[in-house]
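Participant: Structure supplied as structure.txt; contents: compact mmCIF, C-alpha atoms.
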```
# COMPACT_ATOMS: atom_id res chain seq x y z
CA MET A 1 0.00 0.00 0.00
CA THR A 2 1.14 3.55 -0.73
CA ALA A 3 0.26 5.95 2.06
CA LEU A 4 -1.02 9.40 1.23
CA PRO A 5 2.15 11.45 0.59
CA HIS A 6 1.02 14.66 2.27
CA SER A 7 -0.83 13.09 5.20
CA ARG A 8 0.26 14.34 8.61
CA LEU A 9 -1.20 11.28 10.29
CA ARG A 10 1.92 9.19 9.75
CA SER A 11 4.29 11.82 11.12
CA ARG A 12 3.66 10.83 14.75
CA GLY A 13 5.13 7.37 14.31
CA GLY A 14 3.89 4.13 15.83
CA THR A 15 0.90 2.05 14.83
CA PRO A 16 -2.02 4.07 13.43
CA THR A 17 -4.99 4.20 15.79
CA ALA A 18 -8.62 3.81 14.78
CA PRO A 19 -9.07 7.61 14.56
CA ASP A 20 -5.89 7.79 12.46
CA ARG A 21 -7.31 5.30 10.00
CA LEU A 22 -10.66 7.06 9.85
CA LEU A 23 -9.02 10.43 9.21
CA SER A 24 -6.69 8.94 6.61
CA VAL A 25 -9.76 8.00 4.57
CA LEU A 26 -10.94 11.62 4.60
CA ALA A 27 -7.41 12.85 3.88
CA ALA A 28 -7.39 10.76 0.70
CA PHE A 29 -9.59 13.44 -0.89
CA ASP A 30 -8.07 16.72 -2.05
CA HIS A 31 -8.52 19.24 -4.86
CA GLU A 32 -6.69 16.99 -7.31
CA HIS A 33 -8.65 13.92 -6.18
CA PRO A 34 -12.24 15.00 -5.36
CA ALA A 35 -13.79 11.72 -6.53
CA LEU A 36 -12.32 8.32 -5.63
CA SER A 37 -13.23 4.68 -5.95
CA LEU A 38 -12.95 2.39 -2.96
CA THR A 39 -9.68 1.02 -4.34
CA ASP A 40 -8.33 4.55 -4.82
CA ILE A 41 -9.19 5.45 -1.23
CA SER A 42 -7.52 2.28 0.02
CA ARG A 43 -4.33 3.05 -1.91
CA ARG A 44 -4.12 6.74 -0.99
CA ALA A 45 -4.96 6.13 2.67
CA GLY A 46 -2.48 3.25 2.97
CA LEU A 47 -5.14 0.89 4.31
CA THR A 48 -6.28 -2.60 3.38
CA LEU A 49 -9.33 -2.83 1.18
CA THR A 50 -11.30 -4.56 3.94
CA THR A 51 -10.54 -1.82 6.47
CA THR A 52 -11.28 0.87 3.90
CA HIS A 53 -14.64 -0.72 3.04
CA ARG A 54 -15.65 -0.71 6.69
CA LEU A 55 -14.56 2.88 7.35
CA VAL A 56 -16.02 4.24 4.13
CA GLY A 57 -19.32 2.58 4.97
CA ALA A 58 -19.41 4.25 8.38
CA LEU A 59 -18.51 7.64 6.93
CA THR A 60 -21.13 7.29 4.20
CA ASP A 61 -23.83 6.37 6.70
CA TRP A 62 -22.97 9.46 8.74
CA GLY A 63 -22.93 11.74 5.67
CA ALA A 64 -19.22 12.56 5.58
CA LEU A 65 -18.96 10.78 2.22
CA GLU A 66 -21.46 10.30 -0.58
CA ARG A 67 -21.50 7.52 -3.20
CA ASP A 68 -22.76 8.23 -6.72
CA ASP A 69 -24.47 5.87 -9.15
CA ALA A 70 -21.11 4.81 -10.60
CA GLY A 71 -19.86 3.71 -7.18
CA VAL A 72 -17.47 6.66 -6.84
CA TYR A 73 -17.18 8.49 -3.53
CA HIS A 74 -17.21 12.25 -2.92
CA VAL A 75 -16.99 14.39 0.20
CA GLY A 76 -20.47 14.66 1.73
CA LEU A 77 -22.44 17.73 2.67
CA ARG A 78 -22.34 16.75 6.36
CA LEU A 79 -18.66 17.74 6.43
CA TRP A 80 -19.51 21.14 4.96
CA GLU A 81 -22.16 21.55 7.64
CA VAL A 82 -19.61 20.85 10.36
CA ALA A 83 -16.86 22.94 8.72
CA ALA A 84 -19.20 25.93 8.64
CA LEU A 85 -18.88 26.06 12.44
CA ALA A 86 -15.11 26.73 12.30
CA PRO A 87 -14.44 30.30 13.52
CA ARG A 88 -11.56 30.63 11.04
CA GLY A 89 -13.64 29.32 8.15
CA VAL A 90 -17.09 30.31 6.97
CA ALA A 91 -17.72 32.76 9.83
CA LEU A 92 -14.52 34.68 9.10
CA ARG A 93 -15.22 34.58 5.36
CA GLN A 94 -18.67 36.08 5.83
CA LEU A 95 -17.38 38.85 8.07
CA ALA A 96 -14.47 39.64 5.74
CA LEU A 97 -16.30 39.45 2.41
CA PRO A 98 -17.51 43.10 2.24
CA TYR A 99 -13.94 44.33 2.74
CA LEU A 100 -12.57 41.84 0.22
CA GLU A 101 -15.16 43.01 -2.29
CA ASP A 102 -14.12 46.63 -1.67
CA LEU A 103 -10.49 45.65 -2.29
CA TYR A 104 -11.51 43.92 -5.50
CA GLU A 105 -13.46 46.97 -6.68
CA ALA A 106 -10.44 49.16 -5.97
CA THR A 107 -8.01 46.92 -7.87
CA HIS A 108 -9.97 44.50 -10.11
CA GLU A 109 -7.25 41.96 -9.32
CA ASN A 110 -7.22 38.62 -7.49
CA VAL A 111 -8.08 39.09 -3.82
CA GLN A 112 -7.39 36.41 -1.20
CA LEU A 113 -8.04 35.70 2.47
CA ALA A 114 -5.98 33.02 4.20
CA VAL A 115 -5.25 31.50 7.60
CA ARG A 116 -2.38 29.40 8.92
CA ASP A 117 -2.66 25.68 9.57
CA GLY A 118 0.64 24.37 10.88
CA SER A 119 3.32 24.96 8.25
CA ASP A 120 0.79 25.75 5.53
CA VAL A 121 -1.34 28.67 4.50
CA VAL A 122 -4.96 27.73 3.73
CA TYR A 123 -7.06 29.97 1.49
CA ILE A 124 -10.59 30.45 2.84
CA GLU A 125 -11.80 33.05 0.35
CA TRP A 126 -10.79 34.13 -3.14
CA ILE A 127 -12.22 36.67 -5.56
CA ALA A 128 -10.86 36.28 -9.09
CA GLY A 129 -10.07 39.30 -11.21
CA ARG A 130 -11.75 39.29 -14.62
CA SER A 131 -8.54 39.73 -16.62
CA SER A 132 -5.89 39.43 -13.92
CA VAL A 133 -2.91 37.12 -13.69
CA GLY A 134 -3.66 33.42 -13.33
CA VAL A 135 -3.08 31.96 -9.87
CA HIS A 136 -2.90 28.40 -8.55
CA ILE A 137 -5.39 29.16 -5.79
CA ARG A 138 -8.88 28.05 -4.87
CA VAL A 139 -10.80 27.99 -1.61
CA GLY A 140 -9.28 25.27 0.56
CA ALA A 141 -5.94 25.23 -1.27
CA ARG A 142 -2.73 24.91 0.73
CA TRP A 143 0.73 26.33 0.08
CA PRO A 144 3.90 26.47 2.17
CA LEU A 145 4.05 29.60 4.30
CA HIS A 146 7.34 30.94 2.91
CA ALA A 147 6.23 31.02 -0.75
CA THR A 148 3.27 33.41 -0.61
CA GLY A 149 2.58 36.92 0.62
CA VAL A 150 -0.17 35.83 3.00
CA GLY A 151 2.06 33.01 4.24
CA LEU A 152 4.94 35.37 4.97
CA VAL A 153 2.59 37.63 6.96
CA LEU A 154 1.27 34.72 9.01
CA LEU A 155 4.72 33.22 9.59
CA ALA A 156 6.17 36.60 10.57
CA HIS A 157 3.63 36.83 13.39
CA CYS A 158 4.19 33.33 14.76
CA GLY A 159 6.23 32.84 17.91
CA PRO A 160 10.04 32.86 17.57
CA GLN A 161 10.30 29.13 18.23
CA GLU A 162 7.71 28.31 15.55
CA GLN A 163 9.59 30.47 13.08
CA GLU A 164 12.88 28.77 13.86
CA GLU A 165 11.32 25.34 13.50
CA TYR A 166 9.93 26.35 10.11
CA CYS A 167 13.27 27.77 8.96
CA ALA A 168 14.95 24.51 9.96
CA THR A 169 12.79 22.46 7.57
CA PRO A 170 13.53 22.14 3.84
CA LEU A 171 11.93 25.04 1.97
CA ALA A 172 9.97 23.95 -1.10
CA ILE A 173 11.07 25.51 -4.39
CA PHE A 174 8.62 26.57 -7.09
CA THR A 175 10.56 29.11 -9.17
CA PRO A 176 14.13 30.45 -9.22
CA TYR A 177 12.84 33.30 -7.05
CA THR A 178 11.40 31.19 -4.22
CA ILE A 179 13.04 31.84 -0.86
CA THR A 180 15.22 28.81 -0.15
CA GLU A 181 17.74 29.93 2.47
CA PRO A 182 16.81 30.12 6.17
CA ALA A 183 18.88 33.27 6.67
CA GLU A 184 17.04 35.02 3.86
CA LEU A 185 13.68 33.90 5.22
CA ARG A 186 14.55 35.24 8.67
CA ARG A 187 15.50 38.59 7.12
CA VAL A 188 12.25 38.74 5.14
CA LEU A 189 10.14 37.91 8.19
CA ALA A 190 11.85 40.66 10.22
CA GLU A 191 11.12 43.11 7.41
CA VAL A 192 7.46 42.06 7.29
CA ARG A 193 7.14 42.76 11.00
CA ARG A 194 8.88 46.12 10.58
CA THR A 195 6.82 47.35 7.63
CA GLY A 196 3.51 45.64 8.42
CA VAL A 197 3.19 44.29 4.89
CA ALA A 198 4.63 41.48 2.76
CA VAL A 199 5.45 41.75 -0.93
CA SER A 200 6.10 38.36 -2.51
CA SER A 201 7.32 38.49 -6.10
CA ARG A 202 7.49 35.49 -8.48
CA GLN A 203 7.78 32.92 -5.69
CA VAL A 204 5.08 30.52 -6.89
CA THR A 205 4.84 31.54 -10.53
CA ASP A 206 7.27 33.77 -12.39
CA ASP A 207 4.60 36.24 -13.52
CA ALA A 208 2.79 37.14 -10.28
CA LEU A 209 3.35 39.44 -7.32
CA SER A 210 1.29 39.59 -4.15
CA VAL A 211 0.91 42.27 -1.49
CA ALA A 212 -0.40 41.04 1.86
CA ALA A 213 -1.28 42.50 5.27
CA PRO A 214 -2.26 40.98 8.63
CA VAL A 215 -5.75 40.64 10.08
CA HIS A 216 -5.91 41.00 13.87
CA ALA A 217 -8.41 39.50 16.30
CA SER A 218 -9.82 41.49 19.23
CA ASP A 219 -6.84 40.46 21.41
CA GLY A 220 -4.35 41.70 18.83
CA GLN A 221 -3.27 38.27 17.62
CA VAL A 222 -2.82 37.88 13.86
CA VAL A 223 -5.45 35.33 12.80
CA ALA A 224 -5.51 35.78 9.03
CA ALA A 225 -3.97 37.67 6.15
CA VAL A 226 -5.46 39.42 3.14
CA SER A 227 -3.69 39.93 -0.17
CA VAL A 228 -4.02 41.08 -3.74
CA VAL A 229 -2.19 39.26 -6.55
CA VAL A 230 -1.21 41.17 -9.70
CA PRO A 231 0.97 40.67 -12.77
CA GLN A 232 4.55 41.13 -11.68
CA GLU A 233 5.61 43.25 -14.62
CA ASP A 234 2.94 45.95 -14.14
CA ALA A 235 2.73 45.83 -10.33
CA GLN A 236 2.08 49.26 -8.80
CA VAL A 237 3.18 48.22 -5.32
CA PRO A 238 3.07 51.72 -3.70
CA VAL A 239 -0.57 52.02 -4.83
CA LEU A 240 -1.55 48.51 -3.72
CA ILE A 241 -0.09 48.68 -0.21
CA PRO A 242 -2.59 51.25 1.21
CA ALA A 243 -5.54 49.42 -0.38
CA VAL A 244 -4.52 46.05 1.11
CA ARG A 245 -3.82 47.60 4.50
CA LEU A 246 -7.21 49.29 4.51
CA ALA A 247 -8.99 45.99 3.77
CA ALA A 248 -7.04 44.20 6.51
CA LEU A 249 -7.79 47.01 8.96
CA GLY A 250 -11.49 46.88 8.15
CA ILE A 251 -11.65 43.12 8.78
CA SER A 252 -9.63 43.52 11.99
CA ARG A 253 -11.97 46.19 13.32
CA ALA A 254 -14.96 44.01 12.44
CA LEU A 255 -13.32 41.33 14.61
CA GLY A 256 -13.13 43.81 17.49
CA TRP A 257 -9.53 44.96 17.17
CA GLN A 258 -8.75 48.54 18.14
CA PRO A 259 -5.31 49.56 16.88
CA ALA A 260 -3.30 51.77 19.19
CA VAL A 261 -2.09 53.89 16.29
CA THR A 262 -3.17 54.43 12.70
CA PRO A 263 -1.28 52.06 10.35
CA ARG A 264 1.43 53.64 8.25
CA SER A 265 0.29 54.88 4.87
CA GLY A 266 3.75 55.32 3.37
CA THR A 267 4.93 53.47 0.31
CA GLY A 268 8.06 51.85 1.67
CA TYR A 269 7.91 48.09 1.25
CA PRO A 270 10.15 45.07 1.56
CA SER A 271 11.69 43.52 -1.52
CA HIS A 272 11.10 39.78 -1.35
CA ARG A 273 12.56 39.04 -4.74
```
Represent the structure from my file as structure tokens, please.

Facilitator:
Amino acid sequence: MTALPHSRLRSRGGTPTAPDRLLSVLAAFDHEHPALSLTDISRRAGLTLTTTHRLVGALTDWGALERDDAGVYHVGLRLWEVAALAPRGVALRQLALPYLEDLYEATHENVQLAVRDGSDVVYIEWIAGRSSVGVHIRVGARWPLHATGVGLVLLAHCGPQEQEEYCATPLAIFTPYTITEPAELRRVLAEVRRTGVAVSSRQVTDDALSVAAPVHASDGQVVAAVSVVVPQEDAQVPVLIPAVRLAALGISRALGWQPAVTPRSGTGYPSHR
């Protein structure tokens, strides 16, 4: 059996428990594999076919999975119902959407809202520009923190130990411009904290640039990041920075945050390649 490559369930070592096996079935589904046969689930979850049949049956009965007429399984609506309760998911998206729409109207470019989940950034909302640069993003997509503007913002506001642990892991490479050296990443994170904004150029694709700013909860903690993604060659970064900051500030205030001082409106920004 081939275990799911990106599954975090195997990282703890030891014999998988019953919850591990159940969750590995759900983890078999992703954006590249939204519909799977029982055999596919067995292979991707690293489980025997007998065990997979039993677990899939239980999940289907509960509504976490649905089986179509061809015998192929999909994620069920019951999971969406449960996920809607997540404070960093649907609730945050609904609160943030008016500000994201304002940012889109001001730029007519791709607008994104993301949160951190471990070493990844997870996109929970995305508004696509009509004629803007193509991006490899959709709601629910994951990317490493160091390779995106929103990820750099979220990583920059983690604790020092979490940042060091991240810098100590191999940094995935997507283009020649992706940050790959821990020392460079530390410098970039310090600059993000200093300026209050991240500018990530050509890190995931060689034609896109993103400008991102932090979203604060009522206690001041950074709980999300908002960004706009534009074509790298025509990027008007000094114009985009105030617009992104304003959207992030609006969402933060809607969450109950009261900044001690008005965010800077200058055009200085870090150069992250």

Participant: Quick one: residues within 12 Å of A:Arg67, all atoms listed in the file counted, chain neighbours fewer than 2 positions away excluded, as a PDB file with C-alpha atoms, in the coordinates of the input?

Facilitator:
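New file selection10.pdb:
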```pdb
ATOM      1  CA  ALA A  35     -13.790  11.720  -6.530  1.00  0.00           C
ATOM      2  CA  LEU A  36     -12.320   8.320  -5.630  1.00  0.00           C
ATOM      3  CA  SER A  37     -13.230   4.680  -5.950  1.00  0.00           C
ATOM      4  CA  LEU A  38     -12.950   2.390  -2.960  1.00  0.00           C
ATOM      5  CA  VAL A  56     -16.020   4.240   4.130  1.00  0.00           C
ATOM      6  CA  GLY A  57     -19.320   2.580   4.970  1.00  0.00           C
ATOM      7  CA  LEU A  59     -18.510   7.640   6.930  1.00  0.00           C
ATOM      8  CA  THR A  60     -21.130   7.290   4.200  1.00  0.00           C
ATOM      9  CA  ASP A  61     -23.830   6.370   6.700  1.00  0.00           C
ATOM     10  CA  GLY A  63     -22.930  11.740   5.670  1.00  0.00           C
ATOM     11  CA  ALA A  64     -19.220  12.560   5.580  1.00  0.00           C
ATOM     12  CA  LEU A  65     -18.960  10.780   2.220  1.00  0.00           C
ATOM     13  CA  ASP A  69     -24.470   5.870  -9.150  1.00  0.00           C
ATOM     14  CA  ALA A  70     -21.110   4.810 -10.600  1.00  0.00           C
ATOM     15  CA  GLY A  71     -19.860   3.710  -7.180  1.00  0.00           C
ATOM     16  CA  VAL A  72     -17.470   6.660  -6.840  1.00  0.00           C
ATOM     17  CA  TYR A  73     -17.180   8.490  -3.530  1.00  0.00           C
ATOM     18  CA  HIS A  74     -17.210  12.250  -2.920  1.00  0.00           C
ATOM     19  CA  VAL A  75     -16.990  14.390   0.200  1.00  0.00           C
ATOM     20  CA  GLY A  76     -20.470  14.660   1.730  1.00  0.00           C
ATOM     21  CA  LEU A  77     -22.440  17.730   2.670  1.00  0.00           C
TER      22      LEU A  77
END
```

Participant: Could you check which of A:Ile251, A:Cys158, A:Leu79, A:Ile124 is closest to A:Arg142, using all atoms listed in the file?

Facilitator: A:Ile124

Participant: With all atoms listed in the file counted, which protein, DNA or RNA residues have an atom no more than 9 Å from (10.6, 24.0, 5.7) in the file frame? Please answer as a list in words.

Facilitator: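 Those within range, by chain then number, are Ser119, Pro144, Leu145, His146, Glu165, Tyr166, Cys167, Ala168, Thr169, Pro170, Leu171, Ala172, Thr180 and Pro182 of chain A.
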
Participant: Between atom CA of A:Val237 and atom CA of A:Gly149, what is the spacing in Å?

Facilitator: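 So the two atoms, atom CA of A:Gly149 and atom CA of A:Val237, lie 12.8 Å apart.
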
Participant: Taking into account only C-alpha atoms, which residue in the set A:Val228, A:Ile41, A:Val139, A:Leu255 is nearest to A:Leu100?

Facilitator: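 Distance minimum relative to A:Leu100 lands on A:Val228.
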
Participant: As an exercise, work out the distance from atom CA of A:Val223 to atom CA of A:Glu32 in Å and give it to one decimal place.

Facilitator: 27.2 Å

Participant: Have a look at atom CA of A:Gly151 and atom CA of A:Val121 and let me know their distance in Å, one decimal.

Facilitator: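 Calculated distance between atom CA of A:Gly151 and atom CA of A:Val121 is 5.5 Å.
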
Participant: With only C-alpha atoms as the counted atoms, please give the residues lying no more than 8 Å from stretch 18-22 of chain A, apart from itself and same-chain residues fewer than 2 positions off, as a list in words.

Facilitator: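 Selected residues are Leu9, Pro16, Ser24, Val25, Leu26, Ala45, Leu47 and Leu55 of chain A.
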
Participant: I'd like to know which of A:Ala27, A:Leu49, A:Leu154, A:Ile179 is closest to A:Gln221, using all atoms listed in the file.

Facilitator: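 Smallest distance to A:Gln221 is found for A:Leu154.
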
Participant: Would you list the residues near (-11.3, 47.3, -1.0) (no more than 12 Å away, in the coordinates of the file, using all atoms listed in the file) as a ChimeraX atom specification?

Facilitator: /A:96-112,127,226-228,240-251

Participant: Find the residues around A:Ala114 up to 6 Å (only C-alpha atoms counted), leave out those fewer than 2 positions away in its own chain, and share them as a ChimeraX atom specification.

Facilitator: /A:122-124,224-225

Participant: Find the residue from A:Thr195, A:Leu95, A:Ala28, A:Val229 that sits nearest to A:Arg43; use all atoms listed in the file when measuring.

Facilitator: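 Under the stated criterion, the closest residue is A:Ala28.
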
Participant: May I ask which of the residues A:Glu162, A:Glu184, A:Glu191, A:Asp120 is the closest one to A:Thr148, counting all atoms listed in the file?

Facilitator: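 Closest residue, counting all atoms listed in the file: A:Asp120.
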